[in-house]
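Pasted below: work-v6.csv, CSV, C-alpha atoms and all ligand atoms.
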```csv
chain,number,residue,atom,x,y,z
A,18,MET,CA,-52.0,2.3,7.5
A,19,LYS,CA,-48.7,1.2,6.3
A,20,ALA,CA,-48.1,-2.6,6.3
A,21,LEU,CA,-45.7,-5.1,4.8
A,22,ARG,CA,-48.1,-7.6,3.3
A,23,PHE,CA,-47.6,-11.1,2.0
A,24,GLU,CA,-49.9,-11.6,-1.0
A,25,ARG,CA,-50.9,-14.7,-2.9
A,26,ASN,CA,-49.1,-14.2,-6.2
A,27,VAL,CA,-47.8,-17.3,-8.0
A,28,PRO,CA,-45.2,-15.6,-10.3
A,29,ARG,CA,-43.8,-13.7,-7.4
A,30,PHE,CA,-43.6,-16.9,-5.2
A,31,ALA,CA,-41.6,-18.4,-8.0
A,32,ALA,CA,-39.3,-15.4,-8.3
A,33,ALA,CA,-38.7,-15.4,-4.6
A,34,ALA,CA,-37.8,-19.0,-4.6
A,35,VAL,CA,-35.2,-18.4,-7.3
A,36,ALA,CA,-33.8,-15.3,-5.7
A,37,GLY,CA,-33.8,-16.8,-2.2
A,38,ARG,CA,-31.7,-19.8,-3.4
A,39,LEU,CA,-29.1,-17.4,-4.6
A,40,ALA,CA,-28.9,-15.2,-1.5
A,41,GLY,CA,-30.7,-15.5,1.8
A,42,GLY,CA,-33.3,-12.7,2.1
A,43,ALA,CA,-33.3,-11.8,-1.6
A,44,GLY,CA,-36.9,-13.0,-2.0
A,45,ALA,CA,-37.9,-9.7,-0.3
A,46,LYS,CA,-37.0,-7.7,-3.4
A,47,VAL,CA,-38.9,-9.8,-6.0
A,48,GLY,CA,-41.4,-11.9,-4.0
A,49,PRO,CA,-44.9,-11.5,-2.7
A,50,LEU,CA,-44.0,-9.2,0.3
A,51,ARG,CA,-45.0,-5.6,-0.6
A,52,LEU,CA,-45.1,-2.4,1.4
A,53,ARG,CA,-48.8,-1.2,1.1
A,54,SER,CA,-51.2,1.3,2.3
A,55,VAL,CA,-54.1,-0.7,3.6
A,56,ASP,CA,-57.1,-0.4,5.9
A,57,PRO,CA,-56.3,-1.5,9.5
A,58,PRO,CA,-57.9,-4.9,10.4
A,59,GLU,CA,-61.2,-4.7,12.3
A,60,PRO,CA,-61.5,-6.5,15.6
A,61,PRO,CA,-63.2,-9.8,14.6
A,62,GLY,CA,-65.0,-10.3,17.9
A,63,SER,CA,-65.8,-8.7,21.3
A,64,ASP,CA,-62.7,-9.8,23.1
A,65,TRP,CA,-60.5,-8.4,20.4
A,66,THR,CA,-58.8,-5.1,20.4
A,67,GLU,CA,-56.5,-2.9,18.3
A,68,ILE,CA,-52.9,-2.6,19.3
A,69,LYS,CA,-50.1,-0.5,17.8
A,70,PRO,CA,-46.8,-2.4,17.3
A,71,ARG,CA,-43.6,-0.8,18.6
A,72,LEU,CA,-41.0,-3.4,17.6
A,73,ALA,CA,-41.5,-6.6,15.6
A,74,GLY,CA,-38.8,-9.2,15.1
A,75,ILE,CA,-37.9,-11.1,12.0
A,76,CYS,CA,-37.8,-14.8,12.6
A,77,GLY,CA,-36.3,-17.7,10.7
A,78,SER,CA,-39.8,-18.9,9.7
A,79,ASP,CA,-40.5,-15.4,8.2
A,80,LEU,CA,-37.3,-15.6,6.2
A,81,ALA,CA,-38.2,-19.1,4.9
A,82,THR,CA,-41.6,-17.7,3.8
A,83,ILE,CA,-40.1,-14.6,2.1
A,84,ASP,CA,-37.5,-16.7,0.2
A,85,GLY,CA,-40.1,-19.3,-0.9
A,86,HIS,CA,-38.5,-22.1,1.1
A,87,SER,CA,-41.4,-22.9,3.4
A,88,SER,CA,-43.2,-26.2,3.0
A,89,ARG,CA,-46.6,-26.5,1.2
A,90,TYR,CA,-47.6,-28.1,4.5
A,91,PHE,CA,-48.6,-24.6,5.6
A,92,GLU,CA,-51.0,-23.9,2.8
A,93,PRO,CA,-54.2,-24.9,4.7
A,94,ILE,CA,-53.1,-23.2,7.9
A,95,VAL,CA,-52.4,-19.7,6.6
A,96,SER,CA,-54.7,-17.2,5.0
A,97,PHE,CA,-53.8,-14.5,2.4
A,98,PRO,CA,-53.0,-11.7,2.3
A,99,PHE,CA,-51.3,-11.7,5.7
A,100,VAL,CA,-49.1,-9.2,7.4
A,101,PRO,CA,-46.1,-11.1,8.9
A,102,GLY,CA,-44.7,-10.3,12.4
A,103,HIS,CA,-45.4,-12.7,15.3
A,104,GLU,CA,-42.7,-11.4,17.7
A,105,VAL,CA,-44.4,-8.2,18.8
A,106,VAL,CA,-44.3,-5.6,21.5
A,107,ALA,CA,-47.1,-3.1,21.1
A,108,ASP,CA,-49.1,-0.3,22.7
A,109,LEU,CA,-52.5,-1.1,24.1
A,110,ASP,CA,-54.5,2.1,24.5
A,111,GLU,CA,-57.3,0.8,26.6
A,112,ALA,CA,-57.4,-2.0,29.2
A,113,VAL,CA,-58.9,-5.2,27.9
A,114,GLY,CA,-59.9,-8.1,30.2
A,115,GLU,CA,-57.2,-8.4,32.9
A,116,VAL,CA,-54.6,-6.6,30.8
A,117,PRO,CA,-54.1,-2.9,31.7
A,118,ALA,CA,-53.4,-0.2,29.1
A,119,GLY,CA,-49.7,0.1,28.3
A,120,ARG,CA,-47.1,-2.0,26.5
A,121,VAL,CA,-48.0,-5.6,25.7
A,122,VAL,CA,-46.3,-8.6,24.2
A,123,VAL,CA,-48.4,-10.8,21.9
A,124,GLU,CA,-48.7,-14.6,22.4
A,125,PRO,CA,-49.4,-15.3,18.7
A,126,VAL,CA,-50.8,-18.8,18.5
A,127,LEU,CA,-54.4,-18.6,17.3
A,128,GLY,CA,-56.0,-21.4,19.4
A,129,CYS,CA,-59.6,-22.2,20.2
A,130,VAL,CA,-60.2,-19.3,22.6
A,131,THR,CA,-59.1,-16.7,20.1
A,132,ARG,CA,-61.4,-18.4,17.5
A,133,GLY,CA,-64.4,-18.4,19.7
A,134,ILE,CA,-64.5,-22.2,19.8
A,135,ASP,CA,-66.3,-23.5,22.8
A,136,PRO,CA,-65.7,-26.1,24.2
A,137,VAL,CA,-62.0,-25.8,23.3
A,138,CYS,CA,-60.1,-28.8,21.8
A,139,ASP,CA,-58.3,-31.3,24.1
A,140,ALA,CA,-54.9,-29.6,23.4
A,141,CYS,CA,-56.1,-26.2,24.4
A,142,ALA,CA,-57.9,-27.6,27.4
A,143,ARG,CA,-54.5,-29.1,28.6
A,144,GLY,CA,-52.9,-25.7,28.0
A,145,ASP,CA,-50.8,-27.0,25.1
A,146,LEU,CA,-51.8,-24.1,22.9
A,147,GLY,CA,-49.2,-24.9,20.2
A,148,ASN,CA,-50.9,-28.2,19.5
A,149,CYS,CA,-54.4,-26.7,19.0
A,150,GLU,CA,-56.4,-28.8,16.6
A,151,ARG,CA,-58.7,-26.0,15.4
A,152,ILE,CA,-56.3,-23.5,13.8
A,153,ALA,CA,-58.2,-23.5,10.6
A,154,PHE,CA,-61.7,-23.2,12.1
A,155,GLY,CA,-63.9,-20.9,14.1
A,156,ALA,CA,-64.6,-17.1,13.9
A,157,ILE,CA,-61.4,-16.1,12.1
A,158,GLU,CA,-59.7,-17.3,9.0
A,159,PRO,CA,-57.1,-20.1,9.0
A,160,GLY,CA,-53.7,-19.1,10.5
A,161,LEU,CA,-51.6,-21.0,13.0
A,162,GLN,CA,-50.4,-17.7,14.5
A,163,THR,CA,-50.9,-14.0,14.3
A,164,GLY,CA,-48.6,-13.0,11.4
A,165,PHE,CA,-50.0,-15.8,9.2
A,166,CYS,CA,-53.7,-15.0,9.3
A,167,CYS,CA,-55.5,-12.4,7.1
A,168,ASP,CA,-57.9,-11.3,9.9
A,169,THR,CA,-55.4,-10.3,12.6
A,170,GLY,CA,-52.8,-8.3,10.8
A,171,GLY,CA,-49.2,-8.7,12.1
A,172,GLY,CA,-46.4,-6.8,13.7
A,173,TRP,CA,-44.8,-5.6,10.5
A,174,SER,CA,-47.4,-2.7,10.3
A,175,THR,CA,-48.6,0.2,12.3
A,176,ARG,CA,-51.8,-1.4,13.6
A,177,MET,CA,-53.1,-4.9,14.2
A,178,VAL,CA,-55.7,-6.7,16.3
A,179,ALA,CA,-55.2,-9.2,19.1
A,180,HIS,CA,-57.5,-11.3,21.4
A,181,ALA,CA,-57.4,-10.3,25.1
A,182,SER,CA,-56.1,-13.9,25.9
A,183,GLN,CA,-53.0,-13.2,23.6
A,184,LEU,CA,-51.8,-10.2,25.5
A,185,HIS,CA,-49.1,-10.1,28.3
A,186,ALA,CA,-48.4,-6.8,30.1
A,187,VAL,CA,-44.7,-5.6,29.9
A,188,PRO,CA,-43.1,-4.5,33.1
A,189,ALA,CA,-42.6,-0.7,33.1
A,190,HIS,CA,-38.8,-0.8,33.6
A,191,TRP,CA,-38.3,-3.1,30.6
A,192,SER,CA,-36.9,-1.9,27.2
A,193,ASP,CA,-38.9,-2.6,24.1
A,194,GLU,CA,-35.9,-4.7,22.9
A,195,ALA,CA,-36.3,-7.0,25.9
A,196,ALA,CA,-40.0,-7.3,25.3
A,197,VAL,CA,-39.7,-8.2,21.7
A,198,MET,CA,-37.4,-11.2,22.7
A,199,VAL,CA,-40.2,-12.8,24.8
A,200,GLU,CA,-41.8,-14.7,21.9
A,201,PRO,CA,-38.7,-16.3,20.5
A,202,THR,CA,-37.5,-17.0,24.1
A,203,ALA,CA,-40.8,-18.9,24.7
A,204,CYS,CA,-40.1,-21.1,21.7
A,205,ALA,CA,-36.6,-21.8,23.1
A,206,VAL,CA,-37.9,-22.5,26.6
A,207,HIS,CA,-40.4,-25.0,25.2
A,208,GLY,CA,-37.7,-26.6,23.1
A,209,ALA,CA,-35.3,-26.9,26.0
A,210,LEU,CA,-38.0,-28.5,28.2
A,211,ALA,CA,-39.4,-30.7,25.4
A,212,ALA,CA,-35.8,-32.2,25.1
A,213,GLN,CA,-36.4,-34.1,28.4
A,214,VAL,CA,-32.9,-33.4,29.7
A,215,ARG,CA,-31.9,-35.4,32.8
A,216,GLU,CA,-29.4,-34.4,35.5
A,217,GLY,CA,-25.8,-35.0,34.3
A,218,ASP,CA,-26.7,-35.3,30.6
A,219,LEU,CA,-24.5,-34.0,27.8
A,220,VAL,CA,-26.7,-31.7,25.7
A,221,VAL,CA,-25.4,-30.6,22.2
A,222,VAL,CA,-27.1,-27.4,20.9
A,223,LEU,CA,-26.7,-27.1,17.1
A,224,GLY,CA,-26.8,-23.6,15.7
A,225,ALA,CA,-26.1,-20.3,17.6
A,226,GLY,CA,-28.5,-17.9,15.8
A,227,ALA,CA,-31.2,-16.4,18.0
A,228,LEU,CA,-33.0,-19.7,18.6
A,229,GLY,CA,-29.8,-21.6,19.5
A,230,LEU,CA,-28.6,-18.9,21.9
A,231,LEU,CA,-32.0,-18.6,23.6
A,232,THR,CA,-32.1,-22.4,23.9
A,233,ILE,CA,-28.7,-22.3,25.7
A,234,ALA,CA,-30.1,-19.7,28.1
A,235,ALA,CA,-33.2,-21.7,28.7
A,236,LEU,CA,-31.3,-24.9,29.4
A,237,THR,CA,-29.1,-23.0,31.8
A,238,ARG,CA,-32.1,-21.6,33.7
A,239,PHE,CA,-34.8,-24.4,33.6
A,240,ALA,CA,-33.3,-27.8,32.7
A,241,PRO,CA,-31.8,-30.1,35.3
A,242,ALA,CA,-28.0,-29.6,35.8
A,243,CYS,CA,-26.4,-30.7,32.5
A,244,THR,CA,-23.4,-30.0,30.4
A,245,VAL,CA,-24.1,-27.8,27.4
A,246,LEU,CA,-21.9,-28.2,24.3
A,247,ALA,CA,-22.8,-25.4,21.8
A,248,VAL,CA,-21.9,-25.4,18.2
A,249,ALA,CA,-21.4,-21.9,16.7
A,250,LYS,CA,-20.0,-20.7,13.4
A,251,HIS,CA,-19.3,-17.0,14.0
A,252,PRO,CA,-17.2,-15.1,16.7
A,253,VAL,CA,-20.1,-13.1,18.2
A,254,GLN,CA,-22.2,-16.2,18.4
A,255,ARG,CA,-19.4,-18.1,20.2
A,256,ASP,CA,-19.0,-15.3,22.8
A,257,LEU,CA,-22.7,-15.1,23.4
A,258,ALA,CA,-23.1,-18.9,23.7
A,259,ALA,CA,-20.5,-18.9,26.4
A,260,GLN,CA,-22.0,-15.9,28.2
A,261,LEU,CA,-25.4,-17.5,28.2
A,262,GLY,CA,-24.2,-20.7,29.8
A,263,ALA,CA,-22.6,-23.1,27.3
A,264,HIS,CA,-19.8,-25.0,29.0
A,265,THR,CA,-18.0,-25.7,25.8
A,266,VAL,CA,-18.4,-23.9,22.4
A,267,VAL,CA,-17.0,-25.5,19.3
A,268,ALA,CA,-17.0,-24.9,15.5
A,269,PRO,CA,-19.2,-27.1,13.4
A,270,GLY,CA,-16.3,-29.2,12.2
A,271,GLU,CA,-15.2,-30.0,15.7
A,272,ILE,CA,-18.5,-31.5,17.1
A,273,ALA,CA,-17.6,-35.2,16.9
A,274,ARG,CA,-14.2,-34.7,18.5
A,275,ALA,CA,-15.7,-32.6,21.3
A,276,VAL,CA,-18.4,-35.2,22.0
A,277,ARG,CA,-15.8,-38.0,22.0
A,278,ARG,CA,-13.7,-36.0,24.5
A,279,ALA,CA,-16.7,-35.2,26.7
A,280,THR,CA,-18.1,-38.8,26.8
A,281,GLY,CA,-15.1,-41.0,26.3
A,282,THR,CA,-17.0,-42.7,23.4
A,283,MET,CA,-15.1,-44.7,20.7
A,284,ALA,CA,-14.9,-44.0,17.0
A,285,ILE,CA,-15.3,-46.7,14.4
A,286,GLY,CA,-14.7,-46.9,10.6
A,287,ASP,CA,-12.4,-44.8,8.6
A,288,GLY,CA,-12.4,-42.4,5.7
A,289,ASP,CA,-15.8,-40.7,5.3
A,290,ILE,CA,-17.7,-43.1,7.5
A,291,VAL,CA,-16.1,-42.6,10.8
A,292,ARG,CA,-18.8,-42.5,13.5
A,293,LEU,CA,-19.1,-42.6,17.2
A,294,THR,CA,-20.2,-45.7,19.1
A,295,GLY,CA,-21.8,-43.6,21.9
A,296,GLY,CA,-22.5,-39.9,22.0
A,297,ALA,CA,-24.5,-37.1,23.6
A,298,ASP,CA,-27.6,-37.9,25.6
A,299,VAL,CA,-29.6,-35.1,23.9
A,300,VAL,CA,-29.1,-33.0,20.8
A,301,ILE,CA,-31.2,-29.9,20.2
A,302,ASP,CA,-31.3,-28.9,16.5
A,303,CYS,CA,-31.9,-25.2,16.3
A,304,VAL,CA,-31.1,-25.1,12.5
A,305,GLY,CA,-33.4,-27.6,11.0
A,306,ASN,CA,-31.8,-28.6,7.7
A,307,ASP,CA,-30.2,-31.7,6.1
A,308,THR,CA,-26.8,-30.9,7.5
A,309,SER,CA,-27.9,-30.2,11.0
A,310,LEU,CA,-30.0,-33.3,11.2
A,311,ALA,CA,-27.2,-35.5,9.9
A,312,GLN,CA,-24.9,-33.9,12.5
A,313,ALA,CA,-27.4,-34.6,15.2
A,314,LEU,CA,-27.7,-38.2,14.2
A,315,ALA,CA,-23.9,-38.5,14.1
A,316,VAL,CA,-23.3,-37.4,17.6
A,317,VAL,CA,-26.3,-38.6,19.6
A,318,ARG,CA,-25.9,-41.8,21.7
A,319,PRO,CA,-27.9,-45.0,21.2
A,320,ARG,CA,-31.4,-44.4,22.7
A,321,GLY,CA,-30.6,-40.7,22.8
A,322,ARG,CA,-33.0,-37.9,21.8
A,323,ILE,CA,-32.9,-35.3,19.1
A,324,THR,CA,-35.3,-32.4,19.4
A,325,MET,CA,-35.9,-30.2,16.4
A,326,VAL,CA,-36.5,-26.6,17.5
A,327,GLY,CA,-35.5,-25.0,14.2
A,328,MET,CA,-38.2,-25.2,11.5
A,329,PRO,CA,-37.2,-27.9,9.0
A,330,GLY,CA,-38.7,-28.4,5.6
A,331,HIS,CA,-38.1,-31.1,3.0
A,332,THR,CA,-35.0,-32.9,4.3
A,333,GLN,CA,-33.0,-35.8,3.0
A,334,VAL,CA,-31.1,-37.7,5.6
A,335,ASP,CA,-29.9,-41.3,6.1
A,336,LEU,CA,-32.0,-42.7,8.9
A,337,THR,CA,-30.2,-46.0,9.2
A,338,GLY,CA,-28.5,-44.9,12.4
A,339,LEU,CA,-31.8,-43.7,13.9
A,340,TRP,CA,-33.1,-47.2,13.4
A,341,GLN,CA,-30.1,-49.2,14.5
A,342,ARG,CA,-29.4,-47.0,17.5
A,343,GLU,CA,-33.0,-46.6,18.5
A,344,ILE,CA,-32.8,-42.8,18.5
A,345,THR,CA,-35.9,-40.7,19.3
A,346,LEU,CA,-36.5,-37.7,16.9
A,347,ALA,CA,-39.1,-35.2,18.1
A,348,GLY,CA,-40.3,-31.8,17.1
A,349,ALA,CA,-40.8,-28.8,19.4
A,350,TYR,CA,-43.1,-26.0,18.1
A,351,ALA,CA,-44.2,-22.9,19.8
A,352,TYR,CA,-45.3,-23.0,23.5
A,353,GLY,CA,-48.2,-23.4,25.8
A,354,THR,CA,-47.7,-24.9,29.3
A,355,GLU,CA,-44.6,-26.4,30.8
A,356,VAL,CA,-44.0,-28.7,33.8
A,357,LEU,CA,-40.7,-27.9,35.6
A,358,ALA,CA,-38.5,-30.5,37.5
A,359,ASP,CA,-40.3,-29.6,40.7
A,360,GLY,CA,-43.7,-30.6,39.2
A,361,ALA,CA,-45.0,-27.0,39.0
A,362,ARG,CA,-46.9,-26.0,35.9
A,363,HIS,CA,-46.2,-22.6,34.2
A,364,ARG,CA,-47.3,-20.9,31.1
A,365,THR,CA,-44.3,-20.9,28.8
A,366,PHE,CA,-44.7,-17.2,28.3
A,367,ASP,CA,-44.3,-16.6,32.0
A,368,LEU,CA,-41.1,-18.6,32.0
A,369,ALA,CA,-39.9,-16.6,29.0
A,370,PHE,CA,-40.6,-13.3,30.8
A,371,ASP,CA,-38.5,-14.6,33.7
A,372,LEU,CA,-35.6,-15.7,31.4
A,373,VAL,CA,-35.5,-12.5,29.3
A,374,ASP,CA,-35.1,-10.5,32.5
A,375,ALA,CA,-32.6,-12.8,34.2
A,376,ALA,CA,-30.3,-13.3,31.2
A,377,ASP,CA,-30.7,-9.7,29.8
A,378,LEU,CA,-31.8,-11.0,26.5
A,379,GLY,CA,-32.8,-7.6,25.1
A,380,ARG,CA,-29.2,-7.3,24.1
A,381,LEU,CA,-29.8,-9.8,21.4
A,382,VAL,CA,-31.6,-7.2,19.3
A,383,SER,CA,-28.8,-6.1,17.1
A,384,ALA,CA,-30.4,-3.6,14.7
A,385,THR,CA,-33.8,-2.2,13.9
A,386,TYR,CA,-35.2,-0.8,10.6
A,387,PRO,CA,-38.2,1.3,9.5
A,388,LEU,CA,-40.8,-0.5,7.3
A,389,ALA,CA,-39.6,1.5,4.2
A,390,ARG,CA,-36.2,-0.2,4.5
A,391,PHE,CA,-37.6,-3.7,4.6
A,392,THR,CA,-35.3,-5.2,1.9
A,393,ASP,CA,-32.3,-4.1,4.0
A,394,ALA,CA,-33.8,-5.4,7.2
A,395,ILE,CA,-34.5,-8.8,5.7
A,396,ALA,CA,-31.1,-9.0,4.1
A,397,HIS,CA,-29.6,-8.2,7.5
A,398,ALA,CA,-31.7,-10.8,9.2
A,399,ALA,CA,-30.8,-13.4,6.6
A,400,SER,CA,-27.1,-12.9,7.1
A,401,ALA,CA,-27.2,-12.0,10.8
A,402,GLY,CA,-24.6,-14.6,11.9
A,403,PRO,CA,-21.8,-13.6,9.5
A,404,ARG,CA,-22.6,-9.9,10.1
A,405,GLY,CA,-22.2,-10.3,13.9
A,406,ALA,CA,-25.9,-9.8,14.5
A,407,VAL,CA,-28.5,-11.9,16.3
A,408,ARG,CA,-32.0,-10.6,16.1
A,409,ILE,CA,-33.2,-7.9,13.6
A,410,ALA,CA,-36.5,-6.1,14.2
A,411,PHE,CA,-38.7,-3.5,12.6
A,412,ASP,CA,-39.1,-0.3,14.6
A,413,LEU,CA,-42.6,1.1,14.2
A,414,ARG,CA,-42.3,3.7,16.9
A,415,ASN,CA,-41.4,6.5,14.6
A,416,GLU,CA,-43.7,5.6,11.7
A,417,LYS,CA,-45.5,8.9,11.0
A,418,GLU,CA,-49.0,7.4,10.5
A,419,ARG,CA,-48.8,5.4,13.7
A,420,ASN,CA,-48.6,8.5,15.7
A,421,ARG,CA,-51.4,10.3,13.9
A,422,ALA,CA,-54.7,10.2,15.8
B,1,ZN,ZN,-40.9,-17.3,15.1
B,2,ZN,ZN,-57.6,-25.7,20.4
```
Could you take the file, read its structure, and then write that structure out as structure tokens?
Ligand SMILES: [Zn+2]
Ligand SMILES: [Zn+2]
Amino acid sequence: MKALRFERNVPRFAAAAVAGRLAGGAGAKVGPLRLRSVDPPEPPGSDWTEIKPRLAGICGSDLATIDGHSSRYFEPIVSFPFVPGHEVVADLDEAVGEVPAGRVVVEPVLGCVTRGIDPVCDACARGDLGNCERIAFGAIEPGLQTGFCCDTGGGWSTRMVAHASQLHAVPAHWSDEAAVMVEPTACAVHGALAAQVREGDLVVVLGAGALGLLTIAALTRFAPACTVLAVAKHPVQRDLAAQLGAHTVVAPGEIARAVRRATGTMAIGDGDIVRLTGGADVVIDCVGNDTSLAQALAVVRPRGRITMVGMPGHTQVDLTGLWQREITLAGAYAYGTEVLADGARHRTFDLAFDLVDAADLGRLVSATYPLARFTDAIAHAASAGPRGAVRIAFDLRNEKERNRA
């Protein structure tokens, strides 16, 4: 089968890191990602089954991997060679477990159940799948998610395998574009709820790429009534942020003034050390770099909360204000189970299905590419904002070998 495969190759890692620093996505041309003809993965256990991807999204964490930016932190929790692609809608030819044949979305976290680990770890027992403590153990090779594990394959190919517990049936009337947005939407729903917003809060969302826009939509649907101040660079992002529920949308240079206006806080200092005495109750950082974290610290109020939803890496930032203002900085990764304001527990993926439908999030898929044009696809994904795009995906539906028996 045809697959984009990420191979362990030190010289190519180095080349990708150099190219990726010069232009986002350039690591695809010279790095360890190659288009290959490979054997499809074998189901590694009895509850596993083959699925055939239809669309597979390109996420920020994929781009960081391709451009050699991702942290060495991941080394023990990925296994090479792997086929990326964890935002996947696929065809399931035969029913498995409770899931009928038809289109499915993959919930990619490879927790205890998928690894055949029994009893499951405490996190999996609580339903907090993203916090699984066994992602390098059990019946399959290390890999925090499908798309980073050598045994499962991934969405950037014509065939992969999935555990029955990872599959969610797609409603018949949905487009594939809507279905492929479920996984990133689940990340945003988890981030929006992990931010612990309270009624009446001012919530700043930094970044209006896919993750930022989905976070705005998630806050609007699931968080207690709050005021959402979105920070967006590009015109299409600004329009979508407002459509998805942001009350105010500002450019990055205008955040401090907008927060001052919204909260009546004072500014102190002058020159380049002007800062606010108060600020926003909650900041959700959907970017995850030095600049966004510094911005978050600059506009959050004393005892406020910063939730990092965008994947950070090595970051240099002055934490004096975090200490003096007793700010909480927390991460939000993946999904599992959420508790809504009414006390009801839901799988994050169920909430994501609801949100994709209610907010028509399939429209955020801006362009799709065949595997053979992967360097164009990745360049487009890496410059989505300036090019007026949101999510870029691979389209496997017309790959010749996929449709061969
Ligand atoms: Zn992702
Ligand atoms: Zn576990």
Counting all atoms listed in the file, which residues of chain A sit at most 8 Å from some atom of ligand ZN 2 (chain B), and what is each one's closest atom pair with its distance in Å to one decimal, listed by chain and rising residue number, as JSON lines?
```
{"residue": "A:Gly128", "atom": "CA", "partner": "B:ZN2", "partner_atom": "ZN", "distance": 4.7}
{"residue": "A:Cys129", "atom": "CA", "partner": "B:ZN2", "partner_atom": "ZN", "distance": 4.0}
{"residue": "A:Val130", "atom": "CA", "partner": "B:ZN2", "partner_atom": "ZN", "distance": 7.2}
{"residue": "A:Ile134", "atom": "CA", "partner": "B:ZN2", "partner_atom": "ZN", "distance": 7.8}
{"residue": "A:Val137", "atom": "CA", "partner": "B:ZN2", "partner_atom": "ZN", "distance": 5.3}
{"residue": "A:Cys138", "atom": "CA", "partner": "B:ZN2", "partner_atom": "ZN", "distance": 4.2}
{"residue": "A:Asp139", "atom": "CA", "partner": "B:ZN2", "partner_atom": "ZN", "distance": 6.7}
{"residue": "A:Ala140", "atom": "CA", "partner": "B:ZN2", "partner_atom": "ZN", "distance": 5.6}
{"residue": "A:Cys141", "atom": "CA", "partner": "B:ZN2", "partner_atom": "ZN", "distance": 4.3}
{"residue": "A:Ala142", "atom": "CA", "partner": "B:ZN2", "partner_atom": "ZN", "distance": 7.3}
{"residue": "A:Leu146", "atom": "CA", "partner": "B:ZN2", "partner_atom": "ZN", "distance": 6.5}
{"residue": "A:Asn148", "atom": "CA", "partner": "B:ZN2", "partner_atom": "ZN", "distance": 7.2}
{"residue": "A:Cys149", "atom": "CA", "partner": "B:ZN2", "partner_atom": "ZN", "distance": 3.6}
{"residue": "A:Glu150", "atom": "CA", "partner": "B:ZN2", "partner_atom": "ZN", "distance": 5.0}
{"residue": "A:Arg151", "atom": "CA", "partner": "B:ZN2", "partner_atom": "ZN", "distance": 5.1}
{"residue": "A:Ile152", "atom": "CA", "partner": "B:ZN2", "partner_atom": "ZN", "distance": 7.1}
```
Query raised in the report: Which residues form the shell of 10 Å around ligand ZN 1 (chain B) when you count all atoms listed in the file, given as a VMD selection string?
Result: chain A and resid 74 to 80 102 to 104 125 162 164 200 to 204 228 327 to 328 350 to 351
**Report entry** Point-to-point distance from CA of Ser383 (chain A) to CA of Ala396 (chain A), Å rounded to tenths
**Finding:**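 Computing the Euclidean distance for CA of Ser383 (chain A) and CA of Ala396 (chain A) yields 13.5 Å.
Remark: for Glu124 (chain A), the closest of the candidate residues A:Ile83, A:Ser192, A:Ala284, A:Leu184 is A:Leu184 (distances computed over all atoms listed in the file).
The smallest atom-to-atom distance between Met18 (chain A) and any of A:Cys303, A:Ala40, A:Ala384, A:Met177, using all atoms listed in the file, is found for A:Met177.
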**Report entry** Between CA of Ala410 (chain A) and CA of Val126 (chain A) - distance in Å to one decimal
**Finding:**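 Those two atoms sit 19.6 Å apart.
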Report summary line: Counting only C-alpha atoms, the residue among A:Thr237, A:Ser63, A:Thr385, A:Gln213 that lies closest to Gly321 (chain A) is A:Gln213
Requested in this report: Write out as an MDAnalysis selection string which residues come within 12 Å of Gly281 (chain A) when counting only C-alpha atoms, dropping same-chain ones fewer than 2 positions away.
Outcome: chainID A and resid 219 273:279 283:284 293:297 318
Output of the above residues as a PDB file, in the frame of the given file, restricted to C-alpha atoms:
```pdb
ATOM      1  CA  LEU A 219     -24.500 -34.000  27.800  1.00  0.00           C
ATOM      2  CA  ALA A 273     -17.600 -35.200  16.900  1.00  0.00           C
ATOM      3  CA  ARG A 274     -14.200 -34.700  18.500  1.00  0.00           C
ATOM      4  CA  ALA A 275     -15.700 -32.600  21.300  1.00  0.00           C
ATOM      5  CA  VAL A 276     -18.400 -35.200  22.000  1.00  0.00           C
ATOM      6  CA  ARG A 277     -15.800 -38.000  22.000  1.00  0.00           C
ATOM      7  CA  ARG A 278     -13.700 -36.000  24.500  1.00  0.00           C
ATOM      8  CA  ALA A 279     -16.700 -35.200  26.700  1.00  0.00           C
ATOM      9  CA  MET A 283     -15.100 -44.700  20.700  1.00  0.00           C
ATOM     10  CA  ALA A 284     -14.900 -44.000  17.000  1.00  0.00           C
ATOM     11  CA  LEU A 293     -19.100 -42.600  17.200  1.00  0.00           C
ATOM     12  CA  THR A 294     -20.200 -45.700  19.100  1.00  0.00           C
ATOM     13  CA  GLY A 295     -21.800 -43.600  21.900  1.00  0.00           C
ATOM     14  CA  GLY A 296     -22.500 -39.900  22.000  1.00  0.00           C
ATOM     15  CA  ALA A 297     -24.500 -37.100  23.600  1.00  0.00           C
ATOM     16  CA  ARG A 318     -25.900 -41.800  21.700  1.00  0.00           C
TER      17      ARG A 318
END
```
Report task. Find the distance between CA of Trp191 (chain A) and CA of Val222 (chain A) and write it in Å to one decimal. Result ->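 If I compute the distance from CA of Trp191 (chain A) to CA of Val222 (chain A), I get 28.5 Å.
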